[in-house]
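Here is the file my_file_26.pdb (PDB, C-alpha atoms).
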```
MODEL        1
ATOM      1  CA  MET A   1       0.734  25.134  -4.704  1.00  0.00           C
ATOM      2  CA  LYS A   2       3.818  23.694  -2.996  1.00  0.00           C
ATOM      3  CA  ASN A   3       4.539  27.048  -1.348  1.00  0.00           C
ATOM      4  CA  LYS A   4       0.994  27.213   0.009  1.00  0.00           C
ATOM      5  CA  LEU A   5       1.256  23.652   1.275  1.00  0.00           C
ATOM      6  CA  LEU A   6       4.579  24.318   2.984  1.00  0.00           C
ATOM      7  CA  PHE A   7       3.228  27.570   4.428  1.00  0.00           C
ATOM      8  CA  SER A   8       0.217  25.699   5.811  1.00  0.00           C
ATOM      9  CA  LEU A   9       2.432  23.085   7.411  1.00  0.00           C
ATOM     10  CA  GLY A  10       4.602  25.844   8.811  1.00  0.00           C
ATOM     11  CA  LEU A  11       1.580  27.519  10.397  1.00  0.00           C
ATOM     12  CA  VAL A  12       0.769  24.377  12.300  1.00  0.00           C
ATOM     13  CA  ALA A  13       4.353  23.911  13.464  1.00  0.00           C
ATOM     14  CA  ALA A  14       4.794  27.592  14.367  1.00  0.00           C
ATOM     15  CA  ASN A  15       1.760  27.581  16.630  1.00  0.00           C
ATOM     16  CA  VAL A  16       2.833  24.618  18.702  1.00  0.00           C
ATOM     17  CA  MET A  17       2.916  25.149  22.444  1.00  0.00           C
ATOM     18  CA  PHE A  18       4.458  22.074  24.041  1.00  0.00           C
ATOM     19  CA  SER A  19       2.122  20.863  26.748  1.00  0.00           C
ATOM     20  CA  THR A  20       0.357  17.634  27.518  1.00  0.00           C
ATOM     21  CA  GLY A  21      -2.217  16.305  25.102  1.00  0.00           C
ATOM     22  CA  ALA A  22      -4.259  13.203  24.594  1.00  0.00           C
ATOM     23  CA  SER A  23      -3.520  10.979  21.663  1.00  0.00           C
ATOM     24  CA  ALA A  24      -6.214  10.862  19.043  1.00  0.00           C
ATOM     25  CA  ALA A  25      -6.757   9.185  15.730  1.00  0.00           C
ATOM     26  CA  ALA A  26      -5.811  11.103  12.606  1.00  0.00           C
ATOM     27  CA  LYS A  27      -8.511  13.556  11.533  1.00  0.00           C
ATOM     28  CA  ASP A  28      -9.451  15.050   8.178  1.00  0.00           C
ATOM     29  CA  LEU A  29      -8.968  18.776   7.909  1.00  0.00           C
ATOM     30  CA  ALA A  30     -12.470  19.227   6.560  1.00  0.00           C
ATOM     31  CA  ASN A  31     -13.107  22.948   7.121  1.00  0.00           C
ATOM     32  CA  GLY A  32      -9.509  24.106   7.520  1.00  0.00           C
ATOM     33  CA  ALA A  33      -9.844  24.919  11.209  1.00  0.00           C
ATOM     34  CA  VAL A  34      -7.862  23.317  14.011  1.00  0.00           C
ATOM     35  CA  THR A  35      -8.902  24.596  17.418  1.00  0.00           C
ATOM     36  CA  ILE A  36      -7.153  24.350  20.753  1.00  0.00           C
ATOM     37  CA  LEU A  37     -10.016  22.047  21.760  1.00  0.00           C
ATOM     38  CA  ASP A  38      -8.969  19.668  18.946  1.00  0.00           C
ATOM     39  CA  CYS A  39      -5.263  20.067  19.691  1.00  0.00           C
ATOM     40  CA  THR A  40      -4.119  21.204  23.116  1.00  0.00           C
ATOM     41  CA  LEU A  41      -0.580  21.658  21.774  1.00  0.00           C
ATOM     42  CA  LEU A  42      -1.677  24.812  19.945  1.00  0.00           C
ATOM     43  CA  ALA A  43      -1.365  28.200  21.602  1.00  0.00           C
ATOM     44  CA  GLU A  44      -4.360  29.449  19.584  1.00  0.00           C
ATOM     45  CA  ASP A  45      -6.802  28.266  16.934  1.00  0.00           C
ATOM     46  CA  VAL A  46      -5.310  28.031  13.430  1.00  0.00           C
ATOM     47  CA  ARG A  47      -6.819  27.938   9.972  1.00  0.00           C
ATOM     48  CA  ILE A  48      -5.031  26.018   7.252  1.00  0.00           C
ATOM     49  CA  SER A  49      -6.030  26.840   3.685  1.00  0.00           C
ATOM     50  CA  PRO A  50      -4.731  24.133   1.354  1.00  0.00           C
ATOM     51  CA  SER A  51      -4.855  24.616  -2.406  1.00  0.00           C
ATOM     52  CA  ASN A  52      -7.745  23.183  -4.407  1.00  0.00           C
ATOM     53  CA  ASN A  53      -7.769  19.381  -4.507  1.00  0.00           C
ATOM     54  CA  VAL A  54      -5.209  19.046  -1.703  1.00  0.00           C
ATOM     55  CA  LEU A  55      -6.321  16.649   1.026  1.00  0.00           C
ATOM     56  CA  VAL A  56      -4.981  17.197   4.543  1.00  0.00           C
ATOM     57  CA  ALA A  57      -5.144  15.070   7.686  1.00  0.00           C
ATOM     58  CA  TYR A  58      -3.553  15.713  11.061  1.00  0.00           C
ATOM     59  CA  ASN A  59      -2.957  14.152  14.450  1.00  0.00           C
ATOM     60  CA  CYS A  60      -2.080  15.940  17.647  1.00  0.00           C
ATOM     61  CA  GLY A  61      -0.766  14.927  21.050  1.00  0.00           C
ATOM     62  CA  GLY A  62       0.412  11.619  22.393  1.00  0.00           C
ATOM     63  CA  THR A  63       3.562  11.048  24.372  1.00  0.00           C
ATOM     64  CA  ALA A  64       5.531  12.528  21.455  1.00  0.00           C
ATOM     65  CA  LYS A  65       3.822  15.888  22.132  1.00  0.00           C
ATOM     66  CA  ALA A  66       3.718  16.572  18.416  1.00  0.00           C
ATOM     67  CA  ILE A  67       1.447  17.602  15.602  1.00  0.00           C
ATOM     68  CA  GLN A  68       1.734  15.543  12.446  1.00  0.00           C
ATOM     69  CA  VAL A  69       0.251  16.534   9.100  1.00  0.00           C
ATOM     70  CA  ALA A  70      -0.122  14.470   5.904  1.00  0.00           C
ATOM     71  CA  THR A  71      -1.117  15.848   2.501  1.00  0.00           C
ATOM     72  CA  CYS A  72      -1.571  14.855  -1.122  1.00  0.00           C
ATOM     73  CA  HIS A  73      -3.035  16.337  -4.300  1.00  0.00           C
ATOM     74  CA  THR A  74      -5.889  14.430  -5.930  1.00  0.00           C
ATOM     75  CA  ASP A  75      -4.501  15.242  -9.404  1.00  0.00           C
ATOM     76  CA  GLY A  76      -0.897  14.554  -8.405  1.00  0.00           C
ATOM     77  CA  ARG A  77       1.584  12.292 -10.129  1.00  0.00           C
ATOM     78  CA  THR A  78       0.841   8.569 -10.004  1.00  0.00           C
ATOM     79  CA  ALA A  79       2.943   7.222 -12.907  1.00  0.00           C
ATOM     80  CA  GLU A  80       5.753   4.771 -12.271  1.00  0.00           C
ATOM     81  CA  ARG A  81       8.920   6.587 -11.229  1.00  0.00           C
ATOM     82  CA  THR A  82      12.219   6.155  -9.397  1.00  0.00           C
ATOM     83  CA  VAL A  83      12.305   8.033  -6.103  1.00  0.00           C
ATOM     84  CA  GLN A  84      14.539   8.295  -3.076  1.00  0.00           C
ATOM     85  CA  THR A  85      13.382   5.951  -0.345  1.00  0.00           C
ATOM     86  CA  PRO A  86      12.024   7.983   2.587  1.00  0.00           C
ATOM     87  CA  CYS A  87      14.523   7.858   5.431  1.00  0.00           C
ATOM     88  CA  ASP A  88      15.197   9.517   8.752  1.00  0.00           C
ATOM     89  CA  ASP A  89      18.291   9.574  10.953  1.00  0.00           C
ATOM     90  CA  ASP A  90      16.210  10.299  14.052  1.00  0.00           C
ATOM     91  CA  ASP A  91      16.592   7.284  16.364  1.00  0.00           C
ATOM     92  CA  THR A  92      13.145   7.909  17.894  1.00  0.00           C
ATOM     93  CA  THR A  93      11.394   7.511  14.532  1.00  0.00           C
ATOM     94  CA  THR A  94      11.479   3.752  14.128  1.00  0.00           C
ATOM     95  CA  ALA A  95       8.754   3.521  11.463  1.00  0.00           C
ATOM     96  CA  ILE A  96      11.063   5.127   8.883  1.00  0.00           C
ATOM     97  CA  PRO A  97      14.384   3.449   7.998  1.00  0.00           C
ATOM     98  CA  ALA A  98      17.707   5.178   8.648  1.00  0.00           C
ATOM     99  CA  CYS A  99      19.288   7.036   5.729  1.00  0.00           C
ATOM    100  CA  THR A 100      22.151   5.521   3.755  1.00  0.00           C
ATOM    101  CA  ASP A 101      24.951   7.091   1.719  1.00  0.00           C
ATOM    102  CA  PRO A 102      24.206   7.202  -1.145  1.00  0.00           C
ATOM    103  CA  LEU A 103      20.484   7.494  -0.514  1.00  0.00           C
ATOM    104  CA  ALA A 104      18.509   4.386  -1.435  1.00  0.00           C
ATOM    105  CA  THR A 105      16.023   4.581  -4.313  1.00  0.00           C
ATOM    106  CA  GLN A 106      13.022   2.550  -5.325  1.00  0.00           C
ATOM    107  CA  VAL A 107      10.632   2.286  -8.241  1.00  0.00           C
ATOM    108  CA  THR A 108       7.078   3.119  -7.247  1.00  0.00           C
ATOM    109  CA  SER A 109       3.720   4.188  -8.619  1.00  0.00           C
ATOM    110  CA  GLY A 110       0.742   5.729  -6.931  1.00  0.00           C
ATOM    111  CA  ALA A 111       0.052   8.966  -5.113  1.00  0.00           C
ATOM    112  CA  SER A 112       2.796  10.932  -3.420  1.00  0.00           C
ATOM    113  CA  ILE A 113       1.757  11.693   0.141  1.00  0.00           C
ATOM    114  CA  PHE A 114       3.936  14.017   2.202  1.00  0.00           C
ATOM    115  CA  THR A 115       4.149  14.248   5.974  1.00  0.00           C
ATOM    116  CA  ALA A 116       5.528  16.753   8.458  1.00  0.00           C
ATOM    117  CA  ARG A 117       5.918  16.709  12.237  1.00  0.00           C
ATOM    118  CA  SER A 118       6.167  19.678  14.532  1.00  0.00           C
ATOM    119  CA  ASN A 119       8.978  17.986  16.455  1.00  0.00           C
ATOM    120  CA  GLY A 120      10.943  16.962  13.378  1.00  0.00           C
ATOM    121  CA  GLY A 121      11.054  20.156  11.395  1.00  0.00           C
ATOM    122  CA  LYS A 122      10.965  18.655   7.913  1.00  0.00           C
ATOM    123  CA  VAL A 123       8.524  17.736   5.190  1.00  0.00           C
ATOM    124  CA  GLN A 124       9.196  14.364   3.586  1.00  0.00           C
ATOM    125  CA  PRO A 125       7.419  11.761   1.509  1.00  0.00           C
ATOM    126  CA  ALA A 126       5.525   9.129   3.432  1.00  0.00           C
ATOM    127  CA  ALA A 127       6.445   5.492   2.836  1.00  0.00           C
ATOM    128  CA  PHE A 128       5.539   4.598  -0.740  1.00  0.00           C
ATOM    129  CA  ALA A 129       3.053   1.873  -1.584  1.00  0.00           C
ATOM    130  CA  ASN A 130       2.369   1.001  -5.208  1.00  0.00           C
ATOM    131  CA  GLY A 131      -1.164   1.796  -6.260  1.00  0.00           C
ATOM    132  CA  THR A 132      -1.873   4.229  -3.402  1.00  0.00           C
ATOM    133  CA  VAL A 133      -4.560   6.731  -4.336  1.00  0.00           C
ATOM    134  CA  CYS A 134      -4.912  10.234  -2.961  1.00  0.00           C
ATOM    135  CA  ASP A 135      -8.040   9.919  -0.841  1.00  0.00           C
ATOM    136  CA  ALA A 136      -8.922  10.723   2.760  1.00  0.00           C
ATOM    137  CA  ALA A 137      -8.273   7.175   4.002  1.00  0.00           C
ATOM    138  CA  SER A 138      -4.828   6.984   2.387  1.00  0.00           C
ATOM    139  CA  VAL A 139      -3.785  10.362   3.755  1.00  0.00           C
ATOM    140  CA  LYS A 140      -4.895   9.471   7.290  1.00  0.00           C
ATOM    141  CA  SER A 141      -3.145   6.096   7.074  1.00  0.00           C
ATOM    142  CA  LYS A 142       0.240   7.841   6.611  1.00  0.00           C
ATOM    143  CA  ILE A 143       0.010   9.382  10.091  1.00  0.00           C
ATOM    144  CA  PRO A 144       1.332   6.863  12.621  1.00  0.00           C
ATOM    145  CA  ASP A 145       0.287   6.716  16.249  1.00  0.00           C
ATOM    146  CA  LEU A 146       1.989   9.570  18.091  1.00  0.00           C
ATOM    147  CA  ASN A 147       2.587   7.490  21.224  1.00  0.00           C
ATOM    148  CA  ILE A 148       6.258   6.907  20.394  1.00  0.00           C
TER
ENDMDL
END
```
How would this structure read if it were set down as structure tokens?
Amino acid sequence: MKNKLLFSLGLVAANVMFSTGASAAAKDLANGAVTILDCTLLAEDVRISPSNNVLVAYNCGGTAKAIQVATCHTDGRTAERTVQTPCDDDDTTTAIPACTDPLATQVTSGASIFTARSNGGKVQPAAFANGTVCDAASVKSKIPDLNI
């Protein structure tokens, strides 16, 4: 499942054509299709086929000229666990704290939601919030405004 998820995220990033685009609210990936009408950053329409029970949301455009994707699995792990705190050394990403050495950890419970950006090149966990469930609203909430 993880390979399919990473492949799907890679498809979105690989089809990016950097041009202007209007910022829009995060959208559910209901039927798997993202068209160039939905996202002017794409060179062509793409179809993302997530595994069963994987929810996907995306946002496209904004001044960041990026596509951002968030995913989670409805049957994924929710038990209390110690995890590395999401971090990013990119100065333009102010919503995520800078990384430390050694990496900071935290105890959390709830769904693991992962995000990826076409202009960042990595998949990472979204900020953790105890009690988060894997539903459409939670997935969309992990995609910040792209006007950064």
Two-atom distance - atom CA of Ala104 of chain A, atom CA of His73 of chain A (Å):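 If I compute the distance from atom CA of Ala104 of chain A to atom CA of His73 of chain A, I get 24.8 Å.
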Using all atoms listed in the file: which of A:Ala98, A:Ala25, A:Ala111, A:Val133 has the shortest distance to Asn59 of chain A: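 The shortest atom-to-atom distance to Asn59 of chain A comes from A:Ala25.
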Ground truth for the PyMOL selection byres ((chain A and resi 69) around 9), written as a PyMOL selection string: chain A and resi 9+12+26+56-60+67-68+70-71+114-118+140+143
Residue subset to file, keeping C-alpha atoms, as a tab-separated table (two decimals), in the coordinates of the input:
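Result file follows (selection.tsv):
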```tsv
chain	number	residue	atom	x	y	z
A	9	LEU	CA	2.43	23.08	7.41
A	12	VAL	CA	0.77	24.38	12.30
A	26	ALA	CA	-5.81	11.10	12.61
A	56	VAL	CA	-4.98	17.20	4.54
A	57	ALA	CA	-5.14	15.07	7.69
A	58	TYR	CA	-3.55	15.71	11.06
A	59	ASN	CA	-2.96	14.15	14.45
A	60	CYS	CA	-2.08	15.94	17.65
A	67	ILE	CA	1.45	17.60	15.60
A	68	GLN	CA	1.73	15.54	12.45
A	70	ALA	CA	-0.12	14.47	5.90
A	71	THR	CA	-1.12	15.85	2.50
A	114	PHE	CA	3.94	14.02	2.20
A	115	THR	CA	4.15	14.25	5.97
A	116	ALA	CA	5.53	16.75	8.46
A	117	ARG	CA	5.92	16.71	12.24
A	118	SER	CA	6.17	19.68	14.53
A	140	LYS	CA	-4.89	9.47	7.29
A	143	ILE	CA	0.01	9.38	10.09
```
Nearest to Thr105 of chain A, chosen from A:Ala137, A:Ala30, A:Ala66, A:Phe128, with all atoms listed in the file counted in the distances: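 The shortest atom-to-atom distance to Thr105 of chain A comes from A:Phe128.
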Expected residue set, 12 Å radius at (0.8, -5.4, -8.2), all atoms listed in the file, as number ranges by chain: A: 108-110, 129-132
Selection result for the PyMOL selection byres ((chain A and resi 85) around 9) on this file, as an MDAnalysis selection string: chainID A and resid 83:84 86:87 97 99 103:106 125 127:128
Residue among A:Thr74, A:Asn31, A:Gln124, A:Asn119 lying closest to Val54 of chain A, counting all atoms listed in the file: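 Using all atoms listed in the file, the shortest distance to Val54 of chain A belongs to A:Thr74.
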Test item: which residues lie within 9 Å of (22.3, 6.9, 12.1) counting only C-alpha atoms, as a short mmCIF file (atom, residue, chain, number, x, y, z; two decimals) with C-alpha atoms, keeping the file's coordinate frame:
```
data_model
loop_
_atom_site.label_atom_id
_atom_site.label_comp_id
_atom_site.auth_asym_id
_atom_site.auth_seq_id
_atom_site.Cartn_x
_atom_site.Cartn_y
_atom_site.Cartn_z
CA ASP A 88 15.20 9.52 8.75
CA ASP A 89 18.29 9.57 10.95
CA ASP A 90 16.21 10.30 14.05
CA ASP A 91 16.59 7.28 16.36
CA ALA A 98 17.71 5.18 8.65
CA CYS A 99 19.29 7.04 5.73
CA THR A 100 22.15 5.52 3.76
#
```
Length of the atom CA of Gly62 of chain A to atom CA of Val123 of chain A vector [Å]: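 The value is 20.0 Å.
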Which residue of A:Glu80, A:Ile96, A:Val107, A:Ala64 approaches Ala126 of chain A most closely, using only C-alpha atoms: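 Among the listed residues, the smallest separation from Ala126 of chain A belongs to A:Ile96.
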Which residue of A:Asp135, A:Gly32, A:Ser141, A:Thr78 approaches Ser51 of chain A most closely, using only C-alpha atoms: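 Once distances to Ser51 of chain A are computed over only C-alpha atoms, the minimum belongs to A:Gly32.
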Would you place a box with edges along x, y and z of the file around all atoms of segment 50-65 of chain A listed there, add 5 Å to each of its six sides, and report the centre and edge lengths in Å to one decimal, as lines of an AutoDock Vina configuration file?
```
center_x = -1.1
center_y = 17.8
center_z = 9.9
size_x = 23.3
size_y = 23.6
size_z = 38.9
```
Nearest to Asn53 of chain A by atom-to-atom distance, counting all atoms listed in the file, from A:Val34, A:Ala79, A:Cys72, A:Val139: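 Under the stated criterion, the closest residue is A:Cys72.
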For atom CA of Asn52 of chain A and atom CA of Thr40 of chain A, the interatomic separation in Å (one decimal):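 Computing the Euclidean distance for atom CA of Asn52 of chain A and atom CA of Thr40 of chain A yields 27.8 Å.
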